[in-house]
Structure formats: structure tokens, C-alpha cells
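Data from target01.csv: CSV, C-alpha atoms
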chain,number,residue,atom,x,y,z
A,1,MET,CA,15.9,6.6,1.0
A,2,MET,CA,13.2,7.2,3.6
A,3,LYS,CA,11.3,5.1,6.1
A,4,LEU,CA,7.8,4.2,5.0
A,5,HIS,CA,6.2,5.7,8.1
A,6,GLU,CA,7.8,9.1,7.2
A,7,LEU,CA,5.4,9.2,4.3
A,8,LEU,CA,2.5,9.6,6.7
A,9,GLU,CA,3.9,13.2,7.1
A,10,PHE,CA,5.0,13.5,3.5
A,11,ASP,CA,6.9,16.5,2.3
A,12,PRO,CA,4.7,18.8,0.2
A,13,ALA,CA,7.5,18.9,-2.3
A,14,LEU,CA,6.6,15.3,-3.2
A,15,ARG,CA,3.6,16.8,-5.0
A,16,GLU,CA,6.0,17.7,-7.7
A,17,TRP,CA,7.0,14.1,-8.2
A,18,GLN,CA,6.6,13.5,-11.9
A,19,ALA,CA,6.4,9.7,-12.2
A,20,LYS,CA,2.9,8.3,-12.0
A,21,PRO,CA,1.9,4.6,-11.4
A,22,GLU,CA,0.5,2.5,-14.3
A,23,MET,CA,-3.0,3.1,-12.9
A,24,ASN,CA,-4.1,5.7,-10.4
A,25,PRO,CA,-5.7,4.1,-7.3
A,26,LEU,CA,-7.1,7.5,-6.4
A,27,THR,CA,-9.1,8.0,-9.6
A,28,GLU,CA,-9.3,4.7,-11.4
A,29,GLU,CA,-11.4,1.9,-10.0
A,30,HIS,CA,-9.8,-1.5,-9.4
A,31,ALA,CA,-6.3,-0.2,-9.8
A,32,LEU,CA,-5.5,-2.0,-6.6
A,33,GLN,CA,-6.8,-5.4,-7.8
A,34,GLU,CA,-4.8,-8.3,-6.4
A,35,ALA,CA,-2.7,-6.0,-4.2
A,36,GLN,CA,-2.3,-7.4,-0.7
A,37,LEU,CA,-3.5,-5.4,2.3
A,38,LEU,CA,-0.9,-5.6,5.0
A,39,GLU,CA,-1.5,-3.0,7.7
A,40,VAL,CA,-3.4,0.2,8.6
A,41,ARG,CA,-2.2,3.0,10.8
A,42,PHE,CA,-4.7,5.5,12.1
A,43,ASP,CA,-3.5,8.8,13.6
A,44,ALA,CA,-6.5,10.1,15.5
A,45,LEU,CA,-4.6,13.2,16.5
A,46,ARG,CA,-4.1,14.4,12.9
A,47,LEU,CA,-7.0,12.5,11.3
A,48,LYS,CA,-4.7,10.6,9.0
A,49,VAL,CA,-4.8,7.0,7.8
A,50,GLY,CA,-2.0,5.1,6.2
A,51,ILE,CA,-2.8,1.9,4.3
A,52,LEU,CA,0.1,-0.4,3.5
A,53,PHE,CA,0.0,-2.8,0.5
A,54,ASP,CA,2.3,-5.4,-0.9
A,55,LEU,CA,2.1,-4.9,-4.7
A,56,ARG,CA,4.1,-8.0,-5.7
A,57,MET,CA,0.9,-9.8,-6.8
A,58,ALA,CA,-1.0,-6.7,-7.9
A,59,LEU,CA,-2.6,-7.0,-11.3
A,60,GLN,CA,-2.1,-3.5,-12.6
A,61,LEU,CA,0.7,-2.0,-10.4
A,62,ARG,CA,3.8,-3.8,-11.4
A,63,GLU,CA,6.6,-1.2,-11.3
A,64,ALA,CA,7.0,-1.3,-7.5
A,65,THR,CA,6.8,-3.8,-4.7
A,66,THR,CA,5.1,-1.7,-2.1
A,67,GLY,CA,2.2,0.8,-2.0
A,68,LEU,CA,1.1,3.3,0.6
A,69,LEU,CA,-2.1,5.2,0.6
A,70,VAL,CA,-2.2,8.2,2.9
A,71,ALA,CA,-5.5,9.8,3.6
A,72,SER,CA,-5.9,13.2,5.4
A,73,GLY,CA,-8.9,14.7,7.0
A,74,VAL,CA,-10.4,11.3,7.7
A,75,ARG,CA,-14.1,11.3,8.2
A,76,ASP,CA,-14.9,7.7,8.1
A,77,PHE,CA,-12.9,4.5,8.4
A,78,SER,CA,-14.1,1.0,9.0
A,79,TRP,CA,-13.0,-2.6,8.7
A,80,SER,CA,-15.1,-5.6,8.6
A,81,GLY,CA,-14.3,-9.2,8.0
A,82,PRO,CA,-14.9,-12.8,9.1
A,83,SER,CA,-13.0,-14.5,11.9
A,84,ARG,CA,-10.1,-16.5,10.7
A,85,ASP,CA,-8.6,-19.8,11.9
A,86,THR,CA,-5.1,-19.2,10.5
A,87,ALA,CA,-2.4,-17.2,12.3
A,88,MET,CA,-2.0,-14.8,9.4
A,89,THR,CA,-4.2,-14.1,6.4
A,90,CYS,CA,-3.3,-12.9,3.0
A,91,TRP,CA,-6.0,-10.2,2.3
A,92,THR,CA,-6.2,-9.8,-1.4
A,93,VAL,CA,-8.0,-6.9,-3.0
A,94,ASP,CA,-10.6,-8.2,-5.4
A,95,GLY,CA,-12.0,-4.8,-6.0
A,96,SER,CA,-11.2,-1.1,-5.2
A,97,GLU,CA,-14.2,1.1,-5.8
A,98,LEU,CA,-14.1,4.9,-5.6
A,99,GLY,CA,-16.8,7.3,-4.5
A,100,GLY,CA,-17.0,10.6,-2.8
A,101,SER,CA,-17.8,14.0,-4.2
A,102,SER,CA,-16.0,17.1,-5.1
A,103,ASP,CA,-15.0,17.7,-1.5
A,104,SER,CA,-14.1,14.1,-0.5
A,105,PHE,CA,-12.3,10.9,-1.4
A,106,GLU,CA,-13.9,7.6,-0.8
A,107,LEU,CA,-12.5,4.1,-1.2
A,108,VAL,CA,-14.1,0.8,-0.7
A,109,LEU,CA,-11.8,-2.3,-0.8
A,110,GLY,CA,-13.5,-5.6,-1.2
A,111,LEU,CA,-11.1,-8.3,0.0
A,112,TRP,CA,-10.6,-12.0,-0.4
A,113,PRO,CA,-11.1,-14.2,1.7
A,114,PRO,CA,-14.7,-13.4,1.3
A,115,ALA,CA,-16.4,-10.6,3.1
A,116,GLY,CA,-13.4,-8.6,4.1
A,117,GLU,CA,-14.1,-4.9,3.5
A,118,LEU,CA,-12.3,-1.7,4.3
A,119,VAL,CA,-14.1,1.6,3.9
A,120,LEU,CA,-12.3,5.0,3.9
A,121,ARG,CA,-13.6,8.5,3.4
A,122,ALA,CA,-11.4,11.5,3.8
A,123,ASP,CA,-10.8,15.1,2.5
A,124,SER,CA,-7.7,14.2,0.4
A,125,ALA,CA,-5.4,11.3,-0.3
A,126,ALA,CA,-2.1,10.4,-1.8
A,127,PHE,CA,-0.7,7.1,-3.1
A,128,PHE,CA,3.0,6.3,-3.1
A,129,ALA,CA,4.5,3.3,-4.9
A,130,GLY,CA,8.1,2.3,-4.4
A,131,ASP,CA,10.5,-0.4,-3.5
A,132,VAL,CA,11.5,-1.7,-0.1
A,133,SER,CA,15.2,-2.5,0.2
A,134,ASN,CA,16.3,-6.0,1.2
A,135,LEU,CA,12.9,-7.4,0.9
A,136,ARG,CA,13.2,-11.2,0.7
A,137,GLY,CA,11.5,-12.8,-2.2
A,138,GLY,CA,10.4,-16.4,-2.6
A,139,ILE,CA,7.8,-16.4,0.2
A,140,ASP,CA,5.9,-19.6,-0.3
A,141,ASP,CA,2.8,-18.7,1.7
A,142,TYR,CA,1.5,-17.6,5.1
A,143,VAL,CA,0.7,-21.1,6.3
A,144,ASP,CA,4.3,-21.8,7.3
A,145,LEU,CA,5.6,-18.3,7.8
A,146,LYS,CA,6.8,-17.6,11.3
A,147,GLN,CA,6.0,-14.3,13.0
A,148,SER,CA,9.7,-13.6,13.4
A,149,GLU,CA,10.2,-13.8,9.6
A,150,VAL,CA,7.4,-11.4,8.7
A,151,ASP,CA,9.6,-8.3,8.6
A,152,ALA,CA,12.1,-9.9,6.3
A,153,TYR,CA,9.5,-10.9,3.7
A,154,LEU,CA,6.9,-8.1,3.9
A,155,PRO,CA,7.0,-4.3,3.8
A,156,HIS,CA,6.5,-2.7,7.2
A,157,TRP,CA,6.4,0.8,8.6
A,158,ASN,CA,10.1,0.9,9.4
A,159,SER,CA,11.2,-0.4,6.0
A,160,SER,CA,13.6,1.7,4.0
A,161,PHE,CA,11.7,2.9,0.9
A,162,SER,CA,12.6,4.2,-2.5
A,163,LEU,CA,9.8,6.2,-4.1
A,164,VAL,CA,9.0,5.2,-7.7
A,165,SER,CA,5.7,7.0,-8.3
A,166,ALA,CA,3.2,9.2,-6.6
A,167,VAL,CA,-0.3,10.6,-7.2
A,168,PHE,CA,-2.5,13.0,-5.2
A,169,ARG,CA,-6.1,13.8,-4.9
A,170,ASP,CA,-7.3,16.9,-3.1
A,171,ALA,CA,-10.7,18.2,-2.2
B,1,MET,CA,-16.3,-12.5,-8.1
B,2,MET,CA,-17.3,-16.0,-7.2
B,3,THR,CA,-15.5,-18.3,-4.8
B,4,TYR,CA,-15.6,-22.0,-4.5
B,5,GLU,CA,-14.2,-24.4,-1.9
B,6,ILE,CA,-12.1,-27.2,-3.2
B,7,PRO,CA,-13.0,-30.5,-1.6
B,8,ARG,CA,-10.0,-32.2,0.0
B,9,GLY,CA,-8.7,-35.0,-2.2
B,10,THR,CA,-9.7,-33.4,-5.5
B,11,PRO,CA,-7.7,-35.2,-8.2
B,12,GLU,CA,-4.9,-33.3,-9.8
B,13,LEU,CA,-4.9,-30.5,-7.3
B,14,HIS,CA,-2.4,-30.3,-4.5
B,15,PRO,CA,-3.9,-30.9,-1.0
B,16,ASN,CA,-2.9,-27.3,0.1
B,17,VAL,CA,-5.3,-25.9,-2.4
B,18,THR,CA,-8.5,-25.0,-0.6
B,19,GLY,CA,-10.4,-22.7,-2.9
B,20,VAL,CA,-10.6,-21.0,-6.2
B,21,ARG,CA,-11.6,-17.4,-7.0
B,22,ILE,CA,-13.4,-16.7,-10.3
B,23,MET,CA,-12.7,-13.0,-11.0
B,24,ASP,CA,-14.9,-10.8,-13.1
B,25,PRO,CA,-13.7,-9.5,-16.5
B,26,THR,CA,-11.1,-6.8,-16.2
B,27,THR,CA,-11.0,-4.5,-19.3
B,28,THR,CA,-9.1,-1.5,-18.0
B,29,GLY,CA,-5.4,-1.1,-17.3
B,30,LYS,CA,-2.4,-2.6,-19.1
B,31,TYR,CA,-3.2,-6.1,-18.0
B,32,PRO,CA,-6.8,-6.9,-19.0
B,33,TYR,CA,-8.6,-10.2,-18.7
B,34,PRO,CA,-11.6,-9.7,-20.9
B,35,GLN,CA,-13.3,-12.9,-19.8
B,36,GLY,CA,-12.0,-12.9,-16.2
B,37,TYR,CA,-9.6,-15.3,-14.6
B,38,ALA,CA,-9.3,-18.0,-12.0
B,39,ALA,CA,-6.9,-18.0,-9.1
B,40,TYR,CA,-6.3,-20.9,-6.7
B,41,MET,CA,-5.8,-20.2,-3.0
B,42,ASN,CA,-4.6,-22.0,0.2
B,43,LYS,CA,-6.2,-21.8,3.6
B,44,SER,CA,-4.4,-18.5,4.4
B,45,GLY,CA,-5.6,-16.9,1.3
B,46,ASP,CA,-2.3,-16.9,-0.6
B,47,THR,CA,-2.5,-17.4,-4.3
B,48,VAL,CA,-0.8,-20.7,-5.0
B,49,ASN,CA,0.2,-23.0,-7.8
B,50,PRO,CA,-2.7,-25.5,-8.1
B,51,LEU,CA,-0.4,-28.4,-8.9
B,52,SER,CA,2.4,-27.8,-6.3
B,53,GLY,CA,0.4,-26.0,-3.6
B,54,ALA,CA,3.3,-23.5,-3.2
B,55,GLY,CA,3.3,-19.7,-3.4
B,56,ILE,CA,3.5,-18.5,-6.9
B,57,ASP,CA,5.0,-15.6,-8.8
B,58,ARG,CA,2.7,-13.0,-10.4
B,59,ASN,CA,4.1,-13.8,-13.8
B,60,HIS,CA,3.6,-17.6,-13.6
B,61,PRO,CA,1.0,-18.8,-16.0
B,62,PHE,CA,-0.9,-20.6,-13.2
B,63,ALA,CA,-1.1,-17.4,-11.1
B,64,ARG,CA,-4.1,-16.2,-13.0
B,65,LEU,CA,-5.7,-18.6,-15.5
B,66,PRO,CA,-7.6,-16.6,-18.2
B,67,LEU,CA,-11.2,-17.8,-18.7
B,68,PRO,CA,-12.1,-18.8,-22.3
Go ahead and express the file in the form of C-alpha cells.
Amino acid sequence: MMKLHELLEFDPALREWQAKPEMNPLTEEHALQEAQLLEVRFDALRLKVGILFDLRMALQLREATTGLLVASGVRDFSWSGPSRDTAMTCWTVDGSELGGSSDSFELVLGLWPPAGELVLRADSAAFFAGDVSNLRGGIDDYVDLKQSEVDAYLPHWNSSFSLVSAVFRDA
Amino acid sequence: MMTYEIPRGTPELHPNVTGVRIMDPTTTGKYPYPQGYAAYMNKSGDTVNPLSGAGIDRNHPFARLPLP
């Protein structure tokens, strides 16, 4: 069992992890469809980005509750989206498009509510899927969720995490 | 993808339902929707049951309504 944030500095031995997710978000377009974007952590010192997803509504990734994409050698990262009049927003991936070339990884997430977009370009990337322990189910929606309840219902960086599958993409 | 706002007071739909997404066909992966699907949303963007207005499990038949 590890903490999710520890995967930002993942052990190279994890590259030998045999189990793969049902679809590979690093090589197959729209593998992240209907996943929920929760949080992004940008480490400017080491040029790393971690993107945290709740997979409980994901269309194709159903073997784990939580996903974490870790990009290294970040060259470009941007977020754009509309202003919101709700305290919290459920950003749902409606499309995950891949680009880049032989020496880079590029991901564009189109998000609902409309016009949300996250763009990432990096030298390499890894995607980890797994389960967060003691994650409460039965969340109705974000309309009535209190800030103090968020950690109980949603994966976060300090969540204890059991790895289920992992994939890697290098330059 | 197309999105439509649901007018308040629309018959048969719960008042919490504020919009519907019409998703493009999905033909890859283990869970294809060859004609696309519809998903109802509340004001925070959560996928909801259109009749109860409550959050919904991924496997509930109303979570993603296949298009004919």
C-alpha cells in the first residue's frame, strides 16, 4: 500500500508491473472517456505533472476506482474552462485525444461541462490504475457535498492506494 | 458531443436535471456504444438519474442511454 502522491516519484521497478488496464490511456484514444478529472499537481522543479482521476464512472476503465497519469519532462501544460457558479464541478472527460511524435507524448482532454480543456505535452508518461482504501461510495452529487466530506468520497494525494495496473510510454 | 440545456419544469424529468449530453459513437474498447449514448447531468456536472435527480451508478441503465 502506498500513498498516491508517492507515485509522482514512482519506483522504476514498477515498469515491470505485468497487469495492464482494459484500455491504455497513453496509446489508445478516448480510453479515459467518462473518467472524472479531480486534481492536477505540477512539480516545476522536476518538470512533472500528476493528473488524478476518479474512474468510478469511466466508460472503459472499470477494474479500478482511481487513475493517476504521471508525465515527466513536461514541455507544455495548460488548462482552460468556463467560469462556474457551483462550489464544485464534476469535470467529465468526453474525449481523450493523443498526439505527439516519436520523442514526445501529448494528451488533450476535452471536458464536460462544455469548453473545459486540459493539454499536456511531455517527454514520457505513465498511467497507474488502482483502488483507494476506505473510499466511501454512494456519493449523490456535488451539489450538496460539503468541502469537509470531499476526502472521504474522492481520491486525493494522501489516499492509500493499491496498484492494479500500470502502463508506460517513453520517448 | 452535443449538449442541450433542459428547461426547468420539463415533464417527467426531475428538477435537478439541467442538461443532457449526446455522446458520439464509441466503437473501441470493451464497452462500445455504436450509435452513441445520452447522459443526463445536474448543475454541477454530475451524471444523474433523470427521474430521481440523484447521482447514479455507472452500471445503472439510466447512466448511459444507448441511442437507437
I need the contact residues of chain A against chain B, so if you could list those with any atom within 8 Å, counting all atoms listed in the file, and return them as a PDB file with C-alpha atoms, in the frame of the given file, that would help.
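Listed below is the output, part-v4.pdb:
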ATOM      1  CA  GLU A  22       0.500   2.500 -14.300  1.00  0.00           C
ATOM      2  CA  MET A  23      -3.000   3.100 -12.900  1.00  0.00           C
ATOM      3  CA  ALA A  31      -6.300  -0.200  -9.800  1.00  0.00           C
ATOM      4  CA  ARG A  56       4.100  -8.000  -5.700  1.00  0.00           C
ATOM      5  CA  MET A  57       0.900  -9.800  -6.800  1.00  0.00           C
ATOM      6  CA  ALA A  58      -1.000  -6.700  -7.900  1.00  0.00           C
ATOM      7  CA  LEU A  59      -2.600  -7.000 -11.300  1.00  0.00           C
ATOM      8  CA  GLN A  60      -2.100  -3.500 -12.600  1.00  0.00           C
ATOM      9  CA  THR A  86      -5.100 -19.200  10.500  1.00  0.00           C
ATOM     10  CA  MET A  88      -2.000 -14.800   9.400  1.00  0.00           C
ATOM     11  CA  THR A  89      -4.200 -14.100   6.400  1.00  0.00           C
ATOM     12  CA  CYS A  90      -3.300 -12.900   3.000  1.00  0.00           C
ATOM     13  CA  TRP A  91      -6.000 -10.200   2.300  1.00  0.00           C
ATOM     14  CA  THR A  92      -6.200  -9.800  -1.400  1.00  0.00           C
ATOM     15  CA  ASP A  94     -10.600  -8.200  -5.400  1.00  0.00           C
ATOM     16  CA  TRP A 112     -10.600 -12.000  -0.400  1.00  0.00           C
ATOM     17  CA  PRO A 113     -11.100 -14.200   1.700  1.00  0.00           C
ATOM     18  CA  PRO A 114     -14.700 -13.400   1.300  1.00  0.00           C
ATOM     19  CA  GLY A 138      10.400 -16.400  -2.600  1.00  0.00           C
ATOM     20  CA  ILE A 139       7.800 -16.400   0.200  1.00  0.00           C
ATOM     21  CA  ASP A 140       5.900 -19.600  -0.300  1.00  0.00           C
ATOM     22  CA  ASP A 141       2.800 -18.700   1.700  1.00  0.00           C
ATOM     23  CA  TYR A 142       1.500 -17.600   5.100  1.00  0.00           C
ATOM     24  CA  VAL A 143       0.700 -21.100   6.300  1.00  0.00           C
TER      25      VAL A 143
END
Which neighbours of Phe168 of chain A fall inside 9 Å, counting all atoms listed in the file, when residues of the same chain fewer than 3 positions from it are skipped, and could you give them as a VMD selection string?
chain A and resid 15 26 124 to 128
Of the candidates B:Ser52, B:Leu65, B:Val20, B:Ala39, which one gets nearest to Tyr4 of chain B if we count all atoms listed in the file?
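Residue with the minimum atom-to-atom distance to Tyr4 of chain B: B:Val20.
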Within 9 Å of Lys3 of chain A, counting all atoms listed in the file, which residues show up once you throw out same-chain ones fewer than 5 positions away? Write them as a list in words, please.
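Near Lys3 of chain A, the qualifying residues are Trp157, Asn158, Ser159, Ser160, Phe161 and Ser162 of chain A.
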Excluding Gly67 of chain A and any residue of its chain fewer than 4 positions from it, enumerate the residues within 8 Å of it, using all atoms listed in the file, and give them as a list in words.
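My reading of the contact set: Leu52, Phe53, Asp54, Leu55, Phe127, Phe128, Ala129 and Gly130 of chain A.
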As an exercise, work out the distance from atom CA of Leu69 of chain A to atom CA of Arg121 of chain A in Å and give it to one decimal place.
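If I compute the distance from atom CA of Leu69 of chain A to atom CA of Arg121 of chain A, I get 12.3 Å.
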Given all atoms listed in the file as the counted atoms, nearest of A:Pro25, A:Pro12, A:Gly50, A:Gly116 to His156 of chain A
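Answer, going by the shortest atom-to-atom distance: A:Gly50.
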Enter the distance from atom CA of Pro21 of chain A to atom CA of Leu68 of chain A, in Å, rounded to one decimal.
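A separation of 12.1 Å between them.
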Set the distance at 10 Å and use only C-alpha atoms: which residues neighbour Leu14 of chain A once local chain neighbours fewer than 2 positions away are removed? I'd like the list as a VMD selection string.
chain A and resid 7 10 to 12 16 to 18 128 163 165 to 168
Could you jot down the atom CA of Asn49 of chain B to atom CA of Pro66 of chain B separation for me, Å, one decimal place?
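Between these atoms lies a distance of 14.5 Å.
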From the set A:Ala64, A:Tyr153, A:Leu120, A:Ile51, which residue has the shortest atom-to-atom contact distance to Asn134 of chain A, counting all atoms listed in the file?
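For Asn134 of chain A, the nearest of the candidates is A:Tyr153.
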With all atoms listed in the file as the basis for distance, which of A:Met1, A:Leu38, A:Val108, A:Ala152 is at the shortest distance from Asp76 of chain A?
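Using all atoms listed in the file, Asp76 of chain A sits closest to A:Val108.
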Find the residues near Leu13 of chain B: any atom within 8 Å, counting only C-alpha atoms, skip ones fewer than 2 places away on the same chain, and give them as a ChimeraX atom specification.
/B:9-11,15,17,50-53
Around (-13.5, -20.0, -15.5) in the file's own coordinates, what residues are found within 9 Å if you use all atoms listed in the file, given back as a ChimeraX atom specification?
/B:22-23,35-38,65-68
